[in-house]
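Undergrad: For reference, the file coords-v3.txt (compact mmCIF, C-alpha atoms) is included below:
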```txt
# COMPACT_ATOMS: atom_id res chain seq x y z
CA MET A 148 -46.97 -49.50 -41.23
CA ARG A 149 -46.81 -52.15 -43.95
CA ILE A 150 -49.76 -54.57 -44.20
CA GLY A 151 -49.36 -57.85 -46.06
CA PHE A 152 -52.83 -58.81 -47.31
CA LEU A 153 -53.44 -62.25 -48.84
CA LEU A 154 -55.38 -62.06 -52.10
CA ASP A 155 -55.18 -65.65 -53.29
CA GLN A 156 -58.94 -66.16 -53.04
CA LEU A 157 -59.36 -63.81 -55.99
CA LEU A 158 -57.57 -66.43 -58.10
CA ALA A 159 -59.66 -69.39 -56.92
CA PRO A 160 -61.83 -71.19 -59.51
CA VAL A 161 -64.91 -70.05 -57.54
CA PRO A 162 -63.91 -66.91 -55.56
CA GLY A 163 -67.36 -66.70 -53.96
CA GLY A 164 -68.22 -64.37 -51.13
CA THR A 165 -64.77 -64.64 -49.56
CA GLY A 166 -63.26 -63.47 -52.83
CA ARG A 167 -65.59 -60.47 -52.85
CA TYR A 168 -64.63 -59.76 -49.24
CA SER A 169 -60.90 -60.01 -49.99
CA GLY A 170 -60.95 -57.64 -52.95
CA GLU A 171 -63.34 -55.09 -51.47
CA LEU A 172 -61.60 -54.91 -48.10
CA ALA A 173 -58.13 -54.64 -49.64
CA ALA A 174 -59.27 -51.77 -51.88
CA ALA A 175 -60.95 -50.02 -48.94
CA LEU A 176 -57.83 -50.41 -46.80
CA ALA A 177 -55.82 -48.71 -49.54
CA ARG A 178 -58.39 -45.88 -49.78
CA THR A 179 -58.45 -45.24 -46.04
CA ALA A 180 -54.75 -45.71 -45.27
CA GLY A 181 -53.06 -42.93 -43.33
CA PRO A 182 -49.63 -41.39 -43.96
CA GLY A 183 -46.98 -44.10 -44.10
CA GLU A 184 -49.55 -46.92 -44.19
CA VAL A 185 -49.19 -49.26 -47.16
CA VAL A 186 -51.15 -52.34 -48.21
CA THR A 187 -49.36 -55.00 -50.28
CA GLY A 188 -51.16 -57.94 -51.85
CA TRP A 189 -49.68 -61.45 -51.77
CA CYS A 190 -50.73 -64.68 -53.44
CA ALA A 191 -49.46 -68.12 -54.37
CA ARG A 192 -47.56 -68.63 -57.60
CA HIS A 193 -49.93 -68.42 -60.58
CA ALA A 194 -49.36 -68.36 -64.30
CA ASP A 195 -51.33 -65.10 -64.43
CA PRO A 196 -51.98 -63.36 -61.09
CA ALA A 197 -53.66 -60.36 -62.74
CA ALA A 198 -57.02 -61.19 -61.16
CA ALA A 199 -55.45 -60.46 -57.76
CA THR A 200 -54.64 -56.88 -58.75
CA VAL A 201 -56.58 -54.44 -56.56
CA ALA A 202 -56.74 -50.66 -56.99
CA GLY A 203 -54.40 -48.85 -54.60
CA VAL A 204 -52.83 -52.08 -53.36
CA THR A 205 -49.17 -52.78 -54.18
CA GLY A 206 -48.54 -56.05 -55.98
CA PRO A 207 -49.64 -58.73 -55.97
CA ILE A 208 -46.35 -60.29 -54.95
CA THR A 209 -46.29 -64.00 -55.72
CA LEU A 210 -44.88 -66.54 -53.31
CA PRO A 211 -42.65 -69.30 -54.74
CA LEU A 212 -45.18 -72.14 -54.38
CA PRO A 213 -48.47 -72.80 -56.23
CA ARG A 214 -51.71 -72.72 -54.25
CA ARG A 215 -52.06 -76.45 -53.57
CA ALA A 216 -48.48 -76.85 -52.34
CA LEU A 217 -48.70 -73.64 -50.35
CA ALA A 218 -51.94 -74.74 -48.67
CA ALA A 219 -50.43 -78.12 -47.80
CA GLY A 220 -47.35 -76.49 -46.27
CA TRP A 221 -49.31 -73.84 -44.40
CA GLN A 222 -51.58 -76.49 -42.91
CA ARG A 223 -48.42 -77.87 -41.26
CA GLY A 224 -47.11 -74.45 -40.30
CA LEU A 225 -44.42 -74.58 -42.98
CA GLY A 226 -43.57 -72.68 -46.14
CA PRO A 227 -42.99 -69.13 -47.31
CA GLY A 228 -45.15 -66.21 -46.30
CA PRO A 229 -45.29 -62.44 -46.78
CA SER A 230 -42.03 -60.75 -45.84
CA GLY A 231 -40.99 -57.16 -45.18
CA VAL A 232 -44.33 -56.37 -43.54
CA ASP A 233 -45.41 -55.29 -40.06
CA LEU A 234 -48.66 -57.28 -39.97
CA VAL A 235 -50.31 -60.00 -42.08
CA HIS A 236 -54.06 -60.18 -42.68
CA ALA A 237 -55.41 -63.46 -44.03
CA PRO A 238 -59.01 -62.87 -45.18
CA THR A 239 -59.70 -66.63 -45.28
CA LEU A 240 -58.39 -69.69 -43.44
CA LEU A 241 -55.55 -70.01 -45.96
CA VAL A 242 -53.16 -68.79 -43.27
CA PRO A 243 -49.35 -68.55 -43.42
CA PRO A 244 -46.99 -69.52 -40.60
CA THR A 245 -46.53 -66.79 -38.03
CA ARG A 246 -43.27 -64.90 -37.73
CA ARG A 247 -41.94 -63.39 -34.54
CA GLY A 248 -42.88 -59.74 -34.19
CA VAL A 249 -45.38 -59.84 -37.07
CA PRO A 250 -48.98 -60.10 -35.80
CA LEU A 251 -51.36 -62.30 -37.76
CA VAL A 252 -54.98 -61.22 -38.26
CA VAL A 253 -57.40 -63.78 -39.71
CA THR A 254 -60.99 -63.40 -40.87
CA VAL A 255 -63.17 -66.43 -40.12
CA HIS A 256 -66.33 -65.97 -42.15
CA ASP A 257 -68.56 -68.61 -40.61
CA ALA A 258 -68.77 -71.60 -38.29
CA VAL A 259 -70.24 -73.94 -40.90
CA PRO A 260 -67.41 -76.55 -40.73
CA TRP A 261 -68.25 -76.99 -37.04
CA THR A 262 -72.02 -76.41 -36.94
CA HIS A 263 -73.14 -77.83 -40.32
CA PRO A 264 -70.33 -80.10 -41.57
CA GLU A 265 -72.80 -82.12 -43.65
CA THR A 266 -73.16 -79.14 -46.01
CA LEU A 267 -69.48 -79.25 -47.00
CA THR A 268 -67.24 -81.88 -48.55
CA PRO A 269 -65.45 -84.17 -46.06
CA HIS A 270 -62.11 -82.80 -47.27
CA GLY A 271 -63.34 -79.23 -46.84
CA VAL A 272 -64.49 -79.95 -43.30
CA ARG A 273 -61.15 -81.50 -42.32
CA TRP A 274 -59.15 -78.66 -43.85
CA HIS A 275 -61.24 -75.87 -42.34
CA GLN A 276 -61.27 -77.46 -38.90
CA ALA A 277 -57.51 -78.02 -38.95
CA MET A 278 -56.80 -74.46 -40.08
CA GLY A 279 -59.27 -73.15 -37.52
CA GLN A 280 -57.23 -74.83 -34.80
CA ARG A 281 -54.04 -73.28 -36.19
CA VAL A 282 -55.68 -69.86 -36.16
CA ALA A 283 -56.84 -70.35 -32.58
CA ARG A 284 -53.25 -71.06 -31.54
CA SER A 285 -51.39 -68.46 -33.58
CA ALA A 286 -53.53 -65.46 -34.55
CA ALA A 287 -53.12 -62.22 -32.65
CA ALA A 288 -56.69 -61.32 -33.63
CA VAL A 289 -59.61 -63.09 -35.30
CA ILE A 290 -62.21 -61.07 -37.19
CA VAL A 291 -65.73 -62.44 -37.61
CA PRO A 292 -68.50 -60.69 -39.58
CA THR A 293 -71.37 -61.08 -37.10
CA ARG A 294 -72.07 -61.61 -33.42
CA ALA A 295 -73.69 -64.88 -34.43
CA VAL A 296 -70.39 -66.23 -35.73
CA ALA A 297 -68.55 -64.95 -32.66
CA ALA A 298 -70.92 -66.90 -30.42
CA GLU A 299 -70.35 -70.06 -32.45
CA ILE A 300 -66.62 -69.78 -33.09
CA GLY A 301 -65.32 -68.49 -29.77
CA PRO A 302 -66.27 -71.47 -27.57
CA ARG A 303 -65.52 -74.08 -30.24
CA LEU A 304 -62.00 -72.83 -30.91
CA GLY A 305 -61.24 -71.43 -27.48
CA ILE A 306 -60.74 -67.87 -28.73
CA GLY A 307 -61.34 -65.35 -25.96
CA ALA A 308 -63.18 -62.07 -26.33
CA ASP A 309 -59.87 -60.20 -26.19
CA ARG A 310 -58.85 -61.72 -29.56
CA LEU A 311 -62.27 -61.96 -31.21
CA HIS A 312 -63.47 -58.88 -33.10
CA VAL A 313 -66.85 -58.45 -34.82
CA ILE A 314 -66.30 -56.33 -37.93
CA GLY A 315 -69.00 -56.53 -40.59
CA GLU A 316 -68.95 -56.17 -44.35
CA GLY A 317 -69.99 -53.55 -46.87
CA VAL A 318 -71.74 -53.04 -50.17
CA SER A 319 -69.83 -52.73 -53.42
CA ALA A 320 -70.86 -49.77 -55.54
CA ALA A 321 -70.18 -51.91 -58.61
CA VAL A 322 -73.08 -54.19 -57.66
CA THR A 323 -75.58 -51.45 -56.86
CA THR A 324 -74.78 -48.95 -59.63
CA VAL A 325 -76.96 -49.61 -62.67
CA PRO A 326 -74.91 -48.97 -65.85
CA PRO A 327 -76.10 -46.62 -68.62
CA ASP A 328 -76.63 -49.56 -70.99
CA ALA A 329 -78.96 -51.35 -68.58
CA ALA A 330 -81.69 -51.87 -71.18
CA GLU A 331 -79.29 -53.54 -73.60
CA ARG A 332 -77.91 -55.76 -70.84
CA ALA A 333 -81.40 -56.73 -69.70
CA ALA A 334 -82.28 -57.72 -73.26
CA ARG A 335 -79.09 -59.76 -73.66
CA LEU A 336 -79.73 -61.50 -70.33
CA ARG A 337 -83.38 -62.12 -71.33
CA LEU A 338 -84.67 -60.77 -68.05
CA PRO A 339 -88.43 -61.27 -67.63
CA ALA A 340 -90.19 -57.94 -68.11
CA ASP A 341 -92.90 -58.72 -65.58
CA GLY A 342 -90.57 -59.32 -62.66
CA TYR A 343 -88.71 -62.29 -61.23
CA LEU A 344 -87.20 -63.72 -58.09
CA VAL A 345 -83.43 -63.94 -57.80
CA SER A 346 -80.92 -65.97 -55.81
CA LEU A 347 -77.28 -64.91 -55.51
CA ALA A 348 -75.52 -68.03 -54.31
CA THR A 349 -73.03 -70.71 -55.23
CA LEU A 350 -74.98 -73.78 -56.31
CA GLU A 351 -74.35 -76.11 -53.38
CA PRO A 352 -76.39 -77.76 -50.60
CA ARG A 353 -75.81 -75.19 -47.87
CA LYS A 354 -77.60 -72.45 -49.80
CA GLY A 355 -81.01 -74.09 -49.53
CA LEU A 356 -81.82 -73.85 -53.23
CA ASP A 357 -83.70 -77.14 -52.98
CA VAL A 358 -86.00 -75.41 -50.49
CA ALA A 359 -86.53 -72.52 -52.91
CA LEU A 360 -87.48 -74.92 -55.71
CA ALA A 361 -89.84 -76.82 -53.43
CA ALA A 362 -91.46 -73.52 -52.48
CA LEU A 363 -92.05 -72.68 -56.13
CA ALA A 364 -93.63 -76.09 -56.60
CA GLU A 365 -95.96 -75.30 -53.68
CA LEU A 366 -97.06 -72.15 -55.50
CA ALA A 367 -97.95 -74.15 -58.62
CA GLY A 368 -96.93 -71.53 -61.18
CA SER A 369 -98.38 -68.49 -59.42
CA ALA A 370 -94.96 -67.02 -58.53
CA PRO A 371 -92.57 -65.15 -60.82
CA PRO A 372 -89.70 -67.16 -62.34
CA LEU A 373 -86.53 -67.69 -60.33
CA LEU A 374 -83.12 -66.68 -61.68
CA LEU A 375 -80.17 -68.44 -60.05
CA VAL A 376 -77.03 -66.29 -60.22
CA GLY A 377 -73.88 -68.02 -59.02
CA ALA A 378 -71.18 -70.49 -59.92
CA GLN A 379 -71.57 -74.24 -59.71
CA GLY A 380 -70.28 -75.50 -56.39
CA TRP A 381 -69.91 -78.98 -54.98
CA GLY A 382 -72.63 -81.56 -54.33
CA GLY A 383 -73.82 -82.12 -57.88
CA LEU A 384 -76.80 -79.80 -57.46
CA ASP A 385 -78.67 -79.61 -60.77
CA PRO A 386 -81.45 -77.03 -60.36
CA ALA A 387 -82.97 -77.77 -63.76
CA ALA A 388 -83.21 -81.49 -63.01
CA GLU A 389 -84.62 -80.85 -59.54
CA ALA A 390 -87.16 -78.40 -60.95
CA ALA A 391 -88.26 -80.99 -63.51
CA ARG A 392 -88.57 -83.62 -60.78
CA LEU A 393 -90.87 -81.25 -58.88
CA GLY A 394 -93.00 -80.70 -61.97
CA LEU A 395 -91.90 -77.12 -62.57
CA ALA A 396 -91.97 -75.83 -66.14
CA PRO A 397 -88.54 -75.07 -67.67
CA SER A 398 -89.42 -71.37 -67.77
CA VAL A 399 -89.84 -71.22 -63.97
CA VAL A 400 -86.16 -71.68 -63.07
CA ARG A 401 -83.18 -70.39 -65.03
CA VAL A 402 -79.51 -70.90 -64.13
CA MET A 403 -77.55 -67.76 -65.04
CA GLY A 404 -74.10 -68.76 -63.78
CA ARG A 405 -71.63 -66.16 -62.56
CA LEU A 406 -72.21 -62.64 -63.83
CA PRO A 407 -69.96 -59.58 -63.99
CA ASP A 408 -70.88 -56.83 -61.55
CA ALA A 409 -72.53 -54.58 -64.15
CA ASP A 410 -74.85 -57.40 -65.23
CA LEU A 411 -75.52 -58.27 -61.60
CA ALA A 412 -76.55 -54.67 -60.92
CA VAL A 413 -79.06 -54.87 -63.78
CA VAL A 414 -80.44 -58.20 -62.53
CA LEU A 415 -80.91 -56.80 -59.03
CA ALA A 416 -82.51 -53.61 -60.31
CA GLY A 417 -85.29 -55.57 -62.00
CA ALA A 418 -85.89 -58.19 -59.31
CA THR A 419 -89.15 -58.48 -57.40
CA ALA A 420 -87.44 -60.13 -54.42
CA LEU A 421 -84.27 -61.94 -53.36
CA LEU A 422 -84.55 -65.45 -51.96
CA MET A 423 -81.88 -66.61 -49.49
CA PRO A 424 -83.12 -69.74 -47.70
CA SER A 425 -79.63 -70.80 -46.58
CA ARG A 426 -79.17 -73.49 -43.97
CA ALA A 427 -76.23 -71.59 -42.47
CA GLU A 428 -74.34 -68.36 -43.18
CA GLY A 429 -71.72 -66.21 -41.54
CA PHE A 430 -72.96 -62.89 -42.90
CA GLY A 431 -75.10 -63.10 -46.04
CA LEU A 432 -73.67 -60.46 -48.35
CA PRO A 433 -76.40 -60.99 -51.00
CA VAL A 434 -79.00 -59.84 -48.46
CA LEU A 435 -77.08 -56.61 -47.96
CA GLU A 436 -76.62 -56.16 -51.73
CA ALA A 437 -80.33 -56.68 -52.30
CA MET A 438 -81.30 -54.16 -49.61
CA ALA A 439 -78.85 -51.63 -51.04
CA SER A 440 -80.48 -52.14 -54.45
CA GLY A 441 -83.97 -51.59 -53.10
CA VAL A 442 -84.93 -55.25 -53.50
CA PRO A 443 -87.02 -56.95 -50.77
CA ALA A 444 -85.25 -59.97 -49.28
CA ILE A 445 -86.85 -63.19 -48.03
CA ILE A 446 -84.41 -65.09 -45.84
CA SER A 447 -84.17 -68.13 -43.61
CA ASP A 448 -83.85 -67.54 -39.89
CA ALA A 449 -80.18 -68.54 -39.83
CA PRO A 450 -78.86 -66.28 -37.01
CA ALA A 451 -76.34 -64.33 -39.10
CA LEU A 452 -78.91 -63.53 -41.80
CA VAL A 453 -81.36 -62.30 -39.19
CA GLU A 454 -78.63 -60.15 -37.63
CA VAL A 455 -77.77 -58.51 -40.96
CA GLY A 456 -81.33 -58.14 -42.25
CA GLY A 457 -82.93 -56.88 -39.05
CA ASP A 458 -86.42 -55.50 -39.61
CA ALA A 459 -85.79 -54.92 -43.33
CA VAL A 460 -86.43 -58.52 -44.45
CA VAL A 461 -89.07 -61.25 -44.33
CA THR A 462 -87.88 -64.27 -42.35
CA VAL A 463 -88.94 -67.93 -42.55
CA PRO A 464 -87.73 -71.01 -40.67
CA VAL A 465 -84.71 -72.84 -42.12
CA GLY A 466 -85.72 -75.65 -44.45
CA GLU A 467 -89.46 -74.90 -44.42
CA ALA A 468 -90.61 -74.82 -48.05
CA PRO A 469 -94.29 -74.15 -47.25
CA ALA A 470 -93.34 -71.13 -45.11
CA LEU A 471 -91.08 -69.85 -47.88
CA ALA A 472 -93.88 -70.29 -50.41
CA ALA A 473 -96.26 -68.30 -48.20
CA ALA A 474 -93.67 -65.54 -47.81
CA ILE A 475 -93.09 -65.36 -51.56
CA ALA A 476 -96.83 -65.10 -52.21
CA ARG A 477 -97.16 -62.39 -49.59
CA VAL A 478 -94.28 -60.25 -50.88
CA VAL A 479 -95.16 -60.67 -54.56
CA GLY A 480 -98.82 -59.87 -53.95
CA ASP A 481 -98.45 -56.88 -51.62
CA GLY A 482 -97.07 -53.73 -53.23
CA GLU A 483 -97.23 -51.75 -49.98
CA LEU A 484 -95.16 -54.40 -48.21
CA ARG A 485 -92.57 -54.39 -51.00
CA GLU A 486 -92.28 -50.60 -50.80
CA SER A 487 -91.93 -50.73 -47.00
CA LEU A 488 -89.20 -53.38 -47.28
CA ARG A 489 -87.50 -51.37 -50.02
CA MET A 490 -87.31 -48.20 -47.93
CA THR A 491 -86.31 -49.97 -44.73
CA GLY A 492 -83.69 -51.99 -46.59
CA LEU A 493 -82.14 -48.96 -48.23
CA ALA A 494 -81.84 -47.21 -44.87
CA ARG A 495 -80.34 -50.27 -43.19
CA ALA A 496 -77.89 -51.01 -46.01
CA GLY A 497 -76.59 -47.44 -45.82
CA LYS A 498 -74.99 -48.29 -42.48
CA PHE A 499 -72.73 -50.93 -44.07
CA THR A 500 -69.76 -49.54 -46.03
CA TRP A 501 -66.40 -51.05 -46.91
CA ASN A 502 -64.64 -47.84 -45.87
CA ALA A 503 -66.12 -48.17 -42.38
CA VAL A 504 -64.97 -51.81 -42.27
CA ALA A 505 -61.49 -50.72 -43.31
CA ASP A 506 -61.40 -48.02 -40.64
CA GLU A 507 -62.13 -50.64 -37.98
CA CYS A 508 -59.43 -52.90 -39.39
CA TRP A 509 -56.86 -50.09 -39.40
CA ALA A 510 -57.70 -49.33 -35.76
CA LEU A 511 -57.11 -53.00 -34.93
CA TYR A 512 -53.85 -53.11 -36.91
CA ARG A 513 -52.56 -50.03 -35.08
CA ARG A 514 -53.32 -51.52 -31.69
CA LEU A 515 -51.61 -54.79 -32.55
CA THR A 516 -48.47 -53.12 -33.90
CA GLY A 517 -48.35 -50.35 -31.33
CA THR A 518 -48.63 -47.74 -34.08
CA PRO A 519 -50.03 -44.41 -32.85
CA THR A 520 -53.10 -42.97 -34.50
CA SER A 521 -52.94 -39.69 -36.41
CA SER A 522 -54.40 -37.80 -33.45
CA GLU A 523 -51.86 -39.38 -31.11
CA ARG A 524 -49.00 -38.45 -33.42
CA TRP A 525 -50.32 -34.89 -33.66
CA GLY A 526 -50.65 -34.70 -29.87
CA ARG A 527 -47.04 -35.74 -29.40
CA ARG A 528 -45.83 -33.15 -31.88
CA ALA A 529 -47.88 -30.50 -30.09
```
Rewrite the structure of this file - the entire thing - as structure tokens.
TA:
Amino acid sequence: MRIGFLLDQLLAPVPGGTGRYSGELAAALARTAGPGEVVTGWCARHADPAAATVAGVTGPITLPLPRRALAAGWQRGLGPGPSGVDLVHAPTLLVPPTRRGVPLVVTVHDAVPWTHPETLTPHGVRWHQAMGQRVARSAAAVIVPTRAVAAEIGPRLGIGADRLHVIGEGVSAAVTTVPPDAAERAARLRLPADGYLVSLATLEPRKGLDVALAALAELAGSAPPLLLVGAQGWGGLDPAAEAARLGLAPSVVRVMGRLPDADLAVVLAGATALLMPSRAEGFGLPVLEAMASGVPAIISDAPALVEVGGDAVVTVPVGEAPALAAAIARVVGDGELRESLRMTGLARAGKFTWNAVADECWALYRRLTGTPTSSERWGRRA
């Protein structure tokens, strides 16, 4: 069986969580493939597609159109797509036209364009909603990362339970493995020696960073500093300016930008707690990464975050800065609570692996293509 896997998100200016998902799942699919099962990466035409190279995955093979033209054509159901494959998996809503006899699997990461359109650009809302309708009409199967997203997406797009599959995400070892030169990296990154809070999020309205800053202002300097790790997104969010407006000292909030995985592992290893006060999420990979790193997580009660975090996190209402401030003070000031959250988080995170995600995807691919499993093939030979 030949799987065509779209890897264009790895070449996006801000790959984000969907880029992480694309690369990690493609690599895990290659690791867990059975005899005769091959994963080939595909992407739009780029001057240098090297960033879409994934270990164990053939390619990437470039299509003849650049990303913008390809996206415009695919929105209309036109244009080139992966060829010579038995199934196509699009890990985002950048979805090619369907071809007869070639099932299309699409991952829809969240319902934000439908439930919280005000947190996206108007263009982004229109594009996501239009592509969501295309997926509802044409996909043989739709993967969502949580039951929360399934409950939101299914009714809105008219996708029945027979086509909707909840398959979660995993933790990258690259993010949770502290490198041997951790001390040197910590010094270069100027990580506070006495602890700090961390946010792993694109800087945009949906992530609730304004709520985090307001919570720090409530604490009036009694909380550790906050490090913001993530690329600049849309919305013109300027954390430094907002912090100054709230009267926070420059040392309280520091924007780190995007970091390579080894640096991210060092940042997580030294963190007192992760803050994720998002207004809406589909999964919340940073929560899982924090738990796997032994870092307590304080999250909003967005349904998907609660589903992923379970009893291993501290939860506060969406948008409630005073509640977030109280939770920060509680976690920072209670060593026993931090240790309890650390142990519970490590145990919970151990249940989420990319190989397990890939195994579920392979099982779905085999059903859709009518490919027998290894045990079925062995039974027939016997």
Undergrad: When you draw a straight line from atom CA of A:Leu241 to atom CA of A:Ala218, how long is it in Å?
TA: 6.5 Å
Undergrad: Figure out the distance between atom CA of A:Pro326 and atom CA of A:Val413, please, to one decimal in Å.
TA: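 Atom CA of A:Val413 sits 7.5 Å away from atom CA of A:Pro326.
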Undergrad: If you count only C-alpha atoms, which residues fall within 7 Å of A:Ala505, apart from same-chain ones fewer than 6 positions away, as a ChimeraX atom specification?
TA: /A:172,175-176,179
Undergrad: Looking at only C-alpha atoms, which of A:Glu184, A:Asp408, A:Asp481, A:Asp506 is the one that sits closest to A:Thr205?
TA: A:Glu184
Undergrad: Hey, could you make a per-residue contact list for stretch 221-315 of chain A against stretch 429-449 of chain A with 10 Å as the cut-off, showing the nearest pair of atoms and its distance in Å to one decimal, counting all atoms listed in the file, sorted by chain and number, as a tab-separated table?
TA:
```
residue	atom	partner	partner_atom	distance
A:Val255	CA	A:Gly429	CA	8.7
A:His256	CA	A:Gly429	CA	5.4
A:Asp257	CA	A:Gly429	CA	4.1
A:Ala258	CA	A:Gly429	CA	7.0
A:Val259	CA	A:Gly429	CA	7.9
A:Val291	CA	A:Gly429	CA	8.1
A:Pro292	CA	A:Phe430	CA	6.0
A:Thr293	CA	A:Phe430	CA	6.3
A:Arg294	CA	A:Gly429	CA	9.3
A:Ala295	CA	A:Gly429	CA	7.5
A:Val296	CA	A:Gly429	CA	6.0
A:Ala297	CA	A:Gly429	CA	9.5
A:Glu299	CA	A:Gly429	CA	10.0
A:Gly315	CA	A:Phe430	CA	7.8
```
Undergrad: If I take atom CA of A:Arg485 and atom CA of A:Leu347, how far is one from the other in Å, to one decimal?
TA: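 Value for the atom CA of A:Arg485-atom CA of A:Leu347 distance: 19.1 Å.
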Undergrad: Determine, for each residue of stretch 425-492 of chain A having at least one atom at most 12 Å from an atom of stretch 357-362 of chain A, the closest pair of atoms and their separation in Å to one decimal, counting all atoms listed in the file; order by chain and ascending number, as CSV.
TA:
```
residue,atom,partner,partner_atom,distance
A:Ser425,CA,A:Val358,CA,8.8
A:Arg426,CA,A:Val358,CA,9.6
A:Ile445,CA,A:Ala359,CA,10.5
A:Ile446,CA,A:Ala359,CA,10.5
A:Ser447,CA,A:Val358,CA,10.2
A:Val463,CA,A:Val358,CA,11.3
A:Pro464,CA,A:Val358,CA,10.9
A:Val465,CA,A:Val358,CA,8.9
A:Gly466,CA,A:Val358,CA,6.1
A:Glu467,CA,A:Val358,CA,7.0
A:Ala468,CA,A:Ala362,CA,4.7
A:Pro469,CA,A:Ala362,CA,6.0
A:Ala470,CA,A:Ala362,CA,8.0
A:Leu471,CA,A:Ala362,CA,5.9
A:Ala472,CA,A:Ala362,CA,4.5
A:Ala473,CA,A:Ala362,CA,8.3
A:Ala474,CA,A:Ala362,CA,9.5
A:Ile475,CA,A:Ala362,CA,8.4
A:Ala476,CA,A:Ala362,CA,10.0
```
Undergrad: Counting all atoms listed in the file, which residues sit no farther than 10 Å from the position (-72.5, -68.9, -55.1) in the file's frame? I'd like them as a list in words.
TA: Val161, Pro162, Gly163, Gly164, Ser346, Leu347, Ala348, Thr349, Leu350, Glu351, Lys354, Leu375, Val376, Gly377, Ala378, Gln379, Gly380, Gly404, Arg405 and Pro433 of chain A
Undergrad: Closest to A:Pro352 among A:Val232, A:Ala427, A:Ala330, A:Ala367, using all atoms listed in the file?
TA: A:Ala427
Undergrad: Counting all atoms listed in the file, which residue out of A:Leu411, A:Leu210, A:Leu395, A:Met403 sits closest to A:Ala321?
TA: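 Among A:Leu411, A:Leu210, A:Leu395, A:Met403, it is A:Leu411 that comes nearest to A:Ala321.
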Undergrad: Looking at A:Gly248, A:Gly181, A:Gly188, A:Pro196, which one is nearest to A:Gly151, with distances taken over only C-alpha atoms?
TA: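 Answer, going by the shortest atom-to-atom distance: A:Gly188.
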Undergrad: A:Ala177, A:Val478, A:Val322, A:Leu311: which is nearest A:Ala412, counting only C-alpha atoms?
TA: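 Between A:Ala177, A:Val478, A:Val322, A:Leu311, the residue approaching A:Ala412 most closely is A:Val322.
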Undergrad: I'd like the contact shell of A:Pro371 - 12 Å cut-off, only C-alpha atoms, skipping same-chain residues fewer than 3 positions apart - returned as a VMD selection string.
TA: chain A and resid 338 to 345 362 to 364 366 to 368 374 396 398 to 401 418 to 422 472 475 to 476 478 to 480
Undergrad: Next, write the just-selected residues to a file, as a tab-separated table (two decimals), keeping the file's coordinate frame, keeping C-alpha atoms as the atom set.
TA:
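So the final result, stored in selection-v3.tsv, reads:
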```tsv
chain	number	residue	atom	x	y	z
A	338	LEU	CA	-84.67	-60.77	-68.05
A	339	PRO	CA	-88.43	-61.27	-67.63
A	340	ALA	CA	-90.19	-57.94	-68.11
A	341	ASP	CA	-92.90	-58.72	-65.58
A	342	GLY	CA	-90.57	-59.32	-62.66
A	343	TYR	CA	-88.71	-62.29	-61.23
A	344	LEU	CA	-87.20	-63.72	-58.09
A	345	VAL	CA	-83.43	-63.94	-57.80
A	362	ALA	CA	-91.46	-73.52	-52.48
A	363	LEU	CA	-92.05	-72.68	-56.13
A	364	ALA	CA	-93.63	-76.09	-56.60
A	366	LEU	CA	-97.06	-72.15	-55.50
A	367	ALA	CA	-97.95	-74.15	-58.62
A	368	GLY	CA	-96.93	-71.53	-61.18
A	374	LEU	CA	-83.12	-66.68	-61.68
A	396	ALA	CA	-91.97	-75.83	-66.14
A	398	SER	CA	-89.42	-71.37	-67.77
A	399	VAL	CA	-89.84	-71.22	-63.97
A	400	VAL	CA	-86.16	-71.68	-63.07
A	401	ARG	CA	-83.18	-70.39	-65.03
A	418	ALA	CA	-85.89	-58.19	-59.31
A	419	THR	CA	-89.15	-58.48	-57.40
A	420	ALA	CA	-87.44	-60.13	-54.42
A	421	LEU	CA	-84.27	-61.94	-53.36
A	422	LEU	CA	-84.55	-65.45	-51.96
A	472	ALA	CA	-93.88	-70.29	-50.41
A	475	ILE	CA	-93.09	-65.36	-51.56
A	476	ALA	CA	-96.83	-65.10	-52.21
A	478	VAL	CA	-94.28	-60.25	-50.88
A	479	VAL	CA	-95.16	-60.67	-54.56
A	480	GLY	CA	-98.82	-59.87	-53.95
```
Undergrad: Using the file's own x, y and z axes, what box holds all listed atoms of stretch 247-264 of chain A with 4 Å on each side, keeping edges along x, y and z, and what are its centre and edge lengths in Å to one decimal, as AutoDock Vina command-line options?
TA:
```
--center_x -57.5 --center_y -69.9 --center_z -38.2 --size_x 39.2 --size_y 28.4 --size_z 16.0
```
Undergrad: Point out the residue among A:Pro264, A:Pro238, A:Pro211, A:Pro269 with the least atom-to-atom distance to A:Cys508, counting only C-alpha atoms.
TA: A:Pro238
Undergrad: Show me, as a list in words, the residues that have an atom within 9 Å of A:Val252 when counting all atoms listed in the file, minus same-chain residues fewer than 4 positions from it.
TA: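 Returned residues: Leu234, Val235, His236, Ala237, Pro238, Val282, Ala286, Ala287, Ala288, Val289, Ile290 and Tyr512 of chain A.
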Undergrad: Can you pull out the residues contacting A:Arg215? Cut-off 12 Å, using only C-alpha atoms, and skip same-chain residues under 6 positions away; I want them as JSON, numbers by chain.
TA: {"A": [155, 159, 190, 191, 192, 193, 221, 222, 226, 241]}
